[in-house]
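Engineer: Just passing along the structure, written as structure tokens.
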Amino acid sequence: MARYTCSFMIAVNIDDLQPLVLDLLQNCDLEIQYYTPDYVMAREILGNASVSQLVKVEVLIDKSTATETETRISIVIKNEELPLRINNRCRQMFDFIRQEIEGSRCWHLIETLAG
């Protein structure tokens with residue numbers, strides 16, 4: 001199973017964050033499966049890759065350390081594919097989603113911690 005993680009400290013109002021995350025994931029051609037105020041789960045739409053290569057994305061919003069203007073989010077991107085190559089499908093999607101988060105005009109990126 002391929003699995004990649006990353007954390008971001010972003011400057012955005014905590015009340016605006018979840019809708020912004022939902023929009024960002026949908027703009028990455030992901031289907032929202034489940035969400036709560038501090039958690040979002042999305043997956044790739046069937047047809048873009050084989051079933052074992054379909055990527056699932058989890059976004060955790062750390063409300064316990066959030067301030068009114070700064071929040072840490074963590075993403076976990078995984079699939080059932082064995083990561084036999086460095087540049088596998090899961091890694092490609094991880095890099096794409098990470099770039100979308102880092103380049104988003106909806107918030108100001110303060111820090112990125114790749115895992």
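Starting from 1 in every chain, residues are counted up; chains themselves are A, B, ... following the order of the structure tokens, and ligands are numbered from 1 as listed.
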Any chance you could tabulate, as JSON lines, the residues of range 36-55 of chain A at most 8 Å from range 71-89 of chain A with each one's nearest atom pair and distance in Å to one decimal, using only C-alpha atoms, in chain and rising number order?

Structural biologist:
{"residue": "A:Ser52", "atom": "CA", "partner": "A:Glu80", "partner_atom": "CA", "distance": 4.8}
{"residue": "A:Gln53", "atom": "CA", "partner": "A:Glu81", "partner_atom": "CA", "distance": 5.4}
{"residue": "A:Leu54", "atom": "CA", "partner": "A:Asn79", "partner_atom": "CA", "distance": 5.9}
{"residue": "A:Val55", "atom": "CA", "partner": "A:Asn79", "partner_atom": "CA", "distance": 4.9}

Engineer: Once DSSP has gone over the backbone, tell me which residues of range 74-112 of chain A are in strand (DSSP E), as an NGL selection string.

Structural biologist: :A and (74-79 or 108-112)

Engineer: Between A:Gln99, A:Gln33, A:Thr69, A:Ser50, single out the one closest to Leu17 in chain A, counting only C-alpha atoms.

Structural biologist: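 Smallest separation from Leu17 in chain A among the options: A:Thr69.
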
Engineer: Counting only C-alpha atoms, figure out which residue out of A:Phe96, A:Pro19, A:Cys90, A:Asp29 gets nearest to Ile61 in chain A.

Structural biologist: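 Under the stated criterion, the closest residue is A:Pro19.
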
Engineer: At a cut-off of 12 Å, using only C-alpha atoms, what residues contact Asn27 in chain A? Leave out same-chain residues fewer than 3 positions from it and give the result as number ranges by chain.

Structural biologist: A: 20-24, 30-32, 42, 44, 96-97, 100-101, 104

Engineer: Deliver the residues from the most recent selection as a file, using all heavy atoms, as a compact mmCIF listing (two decimals), in the first residue's frame.

Structural biologist:
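Wrote part-v3.txt, looks like this:
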# COMPACT_ATOMS: atom_id res chain seq x y z
N LEU A 20 -13.38 25.52 2.07
CA LEU A 20 -12.27 25.73 1.14
C LEU A 20 -11.57 24.41 0.80
O LEU A 20 -11.21 24.16 -0.34
CB LEU A 20 -11.27 26.73 1.72
CG LEU A 20 -11.76 28.16 1.88
CD1 LEU A 20 -10.73 29.01 2.62
CD2 LEU A 20 -12.10 28.78 0.54
N VAL A 21 -11.41 23.55 1.81
CA VAL A 21 -10.80 22.24 1.59
C VAL A 21 -11.69 21.39 0.69
O VAL A 21 -11.21 20.73 -0.23
CB VAL A 21 -10.51 21.53 2.93
CG1 VAL A 21 -10.15 20.07 2.72
CG2 VAL A 21 -9.39 22.24 3.69
N LEU A 22 -12.99 21.40 0.94
CA LEU A 22 -13.92 20.65 0.11
C LEU A 22 -13.84 21.11 -1.35
O LEU A 22 -13.77 20.27 -2.26
CB LEU A 22 -15.35 20.80 0.63
CG LEU A 22 -15.66 20.14 1.98
CD1 LEU A 22 -17.05 20.54 2.46
CD2 LEU A 22 -15.52 18.64 1.91
N ASP A 23 -13.82 22.41 -1.58
CA ASP A 23 -13.72 22.94 -2.94
C ASP A 23 -12.40 22.54 -3.59
O ASP A 23 -12.38 22.15 -4.76
CB ASP A 23 -13.84 24.47 -2.94
CG ASP A 23 -15.26 24.95 -2.72
OD1 ASP A 23 -16.20 24.15 -2.88
OD2 ASP A 23 -15.42 26.13 -2.37
N LEU A 24 -11.31 22.64 -2.85
CA LEU A 24 -10.00 22.29 -3.40
C LEU A 24 -9.96 20.83 -3.84
O LEU A 24 -9.50 20.50 -4.92
CB LEU A 24 -8.91 22.56 -2.36
CG LEU A 24 -7.50 22.30 -2.87
CD1 LEU A 24 -6.60 23.48 -2.55
CD2 LEU A 24 -6.93 21.05 -2.26
N LEU A 30 -11.66 14.91 -7.23
CA LEU A 30 -11.91 13.93 -6.18
C LEU A 30 -13.36 14.04 -5.74
O LEU A 30 -13.94 15.13 -5.73
CB LEU A 30 -10.97 14.16 -4.99
CG LEU A 30 -9.49 14.00 -5.29
CD1 LEU A 30 -8.65 14.58 -4.17
CD2 LEU A 30 -9.13 12.55 -5.53
N GLU A 31 -13.92 12.92 -5.37
CA GLU A 31 -15.30 12.85 -4.91
C GLU A 31 -15.30 12.82 -3.38
O GLU A 31 -14.65 11.97 -2.78
CB GLU A 31 -15.95 11.58 -5.47
CG GLU A 31 -17.37 11.38 -5.07
CD GLU A 31 -17.94 10.11 -5.66
OE1 GLU A 31 -17.22 9.09 -5.75
OE2 GLU A 31 -19.13 10.14 -6.02
N ILE A 32 -16.02 13.75 -2.76
CA ILE A 32 -16.09 13.80 -1.30
C ILE A 32 -16.95 12.62 -0.83
O ILE A 32 -18.10 12.47 -1.25
CB ILE A 32 -16.70 15.14 -0.81
CG1 ILE A 32 -15.92 16.33 -1.38
CG2 ILE A 32 -16.76 15.17 0.71
CD1 ILE A 32 -14.46 16.38 -1.06
N ALA A 42 -11.96 11.89 0.81
CA ALA A 42 -12.34 11.95 -0.61
C ALA A 42 -11.60 10.85 -1.35
O ALA A 42 -10.62 10.29 -0.85
CB ALA A 42 -11.96 13.32 -1.18
N GLU A 44 -10.62 9.29 -5.57
CA GLU A 44 -10.64 9.48 -7.01
C GLU A 44 -11.86 8.82 -7.60
O GLU A 44 -12.33 7.80 -7.10
CB GLU A 44 -9.40 8.84 -7.63
CG GLU A 44 -8.36 9.81 -8.07
CD GLU A 44 -7.25 9.12 -8.81
OE1 GLU A 44 -6.62 8.21 -8.27
OE2 GLU A 44 -7.01 9.54 -9.95
N PHE A 96 0.61 16.45 -6.79
CA PHE A 96 -0.38 17.33 -7.39
C PHE A 96 -1.23 18.02 -6.33
O PHE A 96 -1.39 19.25 -6.34
CB PHE A 96 -1.28 16.55 -8.36
CG PHE A 96 -2.43 17.34 -8.90
CD1 PHE A 96 -2.22 18.39 -9.78
CD2 PHE A 96 -3.73 17.03 -8.53
CE1 PHE A 96 -3.29 19.13 -10.28
CE2 PHE A 96 -4.80 17.77 -9.02
CZ PHE A 96 -4.58 18.82 -9.89
N ILE A 97 -1.76 17.27 -5.38
CA ILE A 97 -2.62 17.84 -4.33
C ILE A 97 -1.82 18.76 -3.43
O ILE A 97 -2.28 19.84 -3.05
CB ILE A 97 -3.33 16.72 -3.55
CG1 ILE A 97 -4.32 16.01 -4.47
CG2 ILE A 97 -4.03 17.28 -2.31
CD1 ILE A 97 -4.89 14.73 -3.92
N GLU A 100 -1.42 21.99 -5.18
CA GLU A 100 -2.68 22.74 -5.16
C GLU A 100 -2.89 23.43 -3.82
O GLU A 100 -3.34 24.56 -3.77
CB GLU A 100 -3.86 21.81 -5.47
CG GLU A 100 -3.88 21.31 -6.90
CD GLU A 100 -4.07 22.42 -7.92
OE1 GLU A 100 -5.02 23.21 -7.76
OE2 GLU A 100 -3.26 22.49 -8.85
N ILE A 101 -2.55 22.74 -2.73
CA ILE A 101 -2.68 23.34 -1.39
C ILE A 101 -1.69 24.48 -1.24
O ILE A 101 -2.04 25.57 -0.78
CB ILE A 101 -2.48 22.28 -0.30
CG1 ILE A 101 -3.65 21.29 -0.30
CG2 ILE A 101 -2.33 22.93 1.08
CD1 ILE A 101 -3.46 20.08 0.58
N SER A 104 -2.73 27.55 -3.44
CA SER A 104 -4.08 28.07 -3.34
C SER A 104 -4.08 29.55 -2.95
O SER A 104 -3.34 29.98 -2.07
CB SER A 104 -4.88 27.28 -2.30
OG SER A 104 -6.17 27.84 -2.16

Engineer: Which one is closest to Thr67 in chain A: A:Ala49, A:Leu25, A:Ala114, A:Ile14? Count only C-alpha atoms.

Structural biologist: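 Closest candidate: A:Ile14.
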
Engineer: Measuring between only C-alpha atoms, which one of A:Met41, A:Met93, A:Cys106, A:Ala66 shows the shortest distance to Met9 in chain A?

Structural biologist: A:Ala66

Engineer: Which residues are close to Ile110 in chain A, i.e. within 9 Å by only C-alpha atoms, leaving aside same-chain residues fewer than 3 positions away? Reply as a ChimeraX atom specification.

Structural biologist: /A:8-11,70

Engineer: Emit the selected residues as a CSV table (one decimal), in the first residue's frame, including N, CA and C atoms.

Structural biologist:
chain,number,residue,atom,x,y,z
A,8,PHE,N,0.5,21.1,6.9
A,8,PHE,CA,0.6,22.5,6.5
A,8,PHE,C,0.1,23.4,7.6
A,9,MET,N,0.7,24.5,7.8
A,9,MET,CA,0.2,25.5,8.7
A,9,MET,C,-0.2,26.6,7.7
A,10,ILE,N,-1.5,26.9,7.8
A,10,ILE,CA,-2.1,27.9,6.9
A,10,ILE,C,-2.8,29.1,7.6
A,11,ALA,N,-2.7,30.2,7.1
A,11,ALA,CA,-3.4,31.4,7.6
A,11,ALA,C,-4.8,31.6,6.9
A,70,GLU,N,-4.8,31.0,12.2
A,70,GLU,CA,-3.8,30.0,11.8
A,70,GLU,C,-4.3,28.6,12.1
